[in-house]
Every structure is written in C-alpha cells, then in structure tokens.
Amino acid sequence: MISTYTLRPNFWQNYSLDELTALEWEALCDGCGGCCLEKFLDYPKQPELTEYTDVACRLLDCATGYCSDYANRQKFVPNCVTLTPSKLKHMLWLPSNCAYKRLYLGQDLPKWHLLITKDAVATQQGMRAAGVGVAGRCISEVEVDEEDLEARIIRWVKA
Ligand code: SF4
Ligand code: SF4
C-alpha cells in the first residue's frame, strides 16, 4: 500500500498522473498562480493561442500569488477548476511552466521545480529568473472593469 504521507522517489517519472497519491499530485503544483489569471481562450481549437491578462481571480492574493481561501474556494468561485488527470486534455491553456500540463504532454519538470532542486530558495530564484509567478505583478478582477480586460493582456505567461 502506498503511504499518503511520503513522496515516492522521482514519482513524476516513474508513475503516470493517474497513479499518483493525493500528496504527489499536490506536490506537482509550483504555486505560480498563472491558472488564476483571467484569459482569452481559443479553445479547443488552439489552446497555444490563449492570451493571459494580469487580472487575477478575486480570491487570489496578488501580493503572495496564492489563493486566499483555497479550502472554500468553490463556494466563492464556482467555476474554479479542480485539476484531475482526466481534465488535463481539456486544459492545455495552462501555462507552459505548469507541471501538470508538462507531464501530460510528456515533458520534464522545469529545472527550477522544487521536486528537482529540493531547495525552496533555489526554486524561488529559478522561478524569478525564468519570469514565472504572478506574485506582485497582477491586479484583482474586483479592481478592473470587464471592458478593460483586453488592454491588460500580458506576454509573461504563455500557454
Ligand atoms: S498553473 Fe499549474 S503549477 Fe501554476 S498554480 Fe496553476 S496548477 Fe499550479
Ligand atoms: S478560487 Fe483560488 S485557486 Fe481558484 S482561480 Fe481563484 S484564486 Fe485560483
């Protein structure tokens, strides 16, 4: 039986996404916050043409880049998607750094990912150097008029 409290060595290489424990699945998230930004989708035709904005979901703490109420998020944001392996085929609009999308596409984890570095400071530095992470550079949707959304398209998150 697999312990739910330990991560199996190199689990992301040795097991398919639907074989992961809940803890392993959660450990894949790098916390970039990119999936919490408003975006213009051309889905399902061309997810690679997704255009992200710097406007964040109302629950995102734009200073830290983390959801401010993750446990209760769907009460406030009913369309917040709970990622599962079977949903990934419909979620190729996720940022190119996102571990879930990368593994689904048969790519490696980014070299700065915490599972690779095992060092939170090195990961933070690597993410900053790679321009990954919304903390400190997004604005809440509650502060932006919907008609201004198009003017807030950014290029620092790409699908
Ligand atoms: S885009 Fe992927 S890695 Fe980044 S916060 Fe969302 S689920 Fe986690
Ligand atoms: S509810 Fe939380 S996790 Fe969901 S999109 Fe908003 S900030 Fe992100």
# chains A, B, ... in the order shown; residues from 1 in each chain; ligands from 1

$ residues_around --residues "range 82-95 of chain A" --least-positions-apart "6" --cutoff "6 Å" --atoms "only C-alpha atoms" --output "ChimeraX atom specification"
/A:17-18,47,50,158-159

$ write_last_selection --atoms "N, CA and C atoms" --output "tab-separated table (two decimals), in the first residue's frame"
chain	number	residue	atom	x	y	z
A	17	LEU	N	0.18	10.00	-14.31
A	17	LEU	CA	-0.52	11.00	-13.50
A	17	LEU	C	-1.67	10.38	-12.71
A	18	ASP	N	-2.36	9.41	-13.30
A	18	ASP	CA	-3.48	8.84	-12.55
A	18	ASP	C	-3.06	7.77	-11.55
A	47	PRO	N	-5.33	26.02	-28.13
A	47	PRO	CA	-5.02	26.43	-26.76
A	47	PRO	C	-3.70	27.19	-26.65
A	50	THR	N	-3.90	30.94	-26.34
A	50	THR	CA	-4.51	31.56	-25.15
A	50	THR	C	-3.75	32.84	-24.80
A	158	LYS	N	2.63	32.30	-20.88
A	158	LYS	CA	2.27	31.74	-22.18
A	158	LYS	C	1.76	30.31	-21.99
A	159	ALA	N	0.79	29.94	-22.81
A	159	ALA	CA	0.23	28.59	-22.71
A	159	ALA	C	1.21	27.58	-23.31

$ select_by_dssp --residues "chain A" --states "strand (DSSP E or B)" --output "list in words"
Leu37, Glu38, Lys39, Phe40, Glu51, Tyr52, Thr53, Asp54, Val55, Ala56, Leu60, Asp61, Tyr66, Cys67, Ile139, Ser140 and Ile153 of chain A

$ closest_residue --among "A:Gln124, A:Cys36, A:Glu146, A:Asp108" --to "Val81 in chain A" --atoms "only C-alpha atoms"
A:Cys36

$ residues_around --residues "Ala27 in chain A" --least-positions-apart "6" --cutoff "12 Å" --atoms "only C-alpha atoms" --output "VMD selection string"
chain A and resid 4 to 8 10 to 12 20 to 21 98 to 100 109 113 to 116 118

$ atom_distance --atom1 "CA of Glu51 in chain A" --atom2 "CA of Asn97 in chain A"
15.0 Å

$ closest_residue --among "A:Trp25, A:Tyr70, A:Tyr15, A:Phe40" --to "ligand 2" --atoms "only C-alpha atoms and all ligand atoms"
A:Tyr70

$ closest_residue --among "A:Cys35, A:Cys138, A:Leu103, A:Cys57" --to "ligand 1" --atoms "only C-alpha atoms and all ligand atoms"
A:Cys35

$ residues_around --residues "Glu141 in chain A" --least-positions-apart "6" --cutoff "10 Å" --atoms "only C-alpha atoms" --output "list of chain:residue names"
A:Leu37, A:Glu38, A:Asp54, A:Val55, A:Ala56, A:Cys57, A:Arg58, A:Leu59, A:Leu60, A:Leu149

$ select_by_dssp --residues "chain A" --states "alpha helix (DSSP H)" --output "PyMOL selection string"
chain A and resi 11-14+22-27+73-76+99-104+114-117+120-130

$ closest_residue --among "A:Val157, A:Ala63, A:Cys32, A:Pro9" --to "Glu48 in chain A" --atoms "only C-alpha atoms"
A:Val157

$ closest_residue --among "A:Gln107, A:Asn72, A:Thr123, A:Ser96" --to "ligand 2" --atoms "only C-alpha atoms and all ligand atoms"
A:Asn72

$ atom_distance --atom1 "CA of Val144 in chain A" --atom2 "atom 8 (Fe, counted along the ligand's line) of ligand 1"
23.8 Å

$ closest_residue --among "A:Thr64, A:Gln74, A:Thr117, A:Asn79" --to "Val134 in chain A" --atoms "only C-alpha atoms"
A:Thr64

$ atom_distance --atom1 "CA of Phe76 in chain A" --atom2 "atom 3 (S, counted along the ligand's line) of ligand 1"
21.2 Å
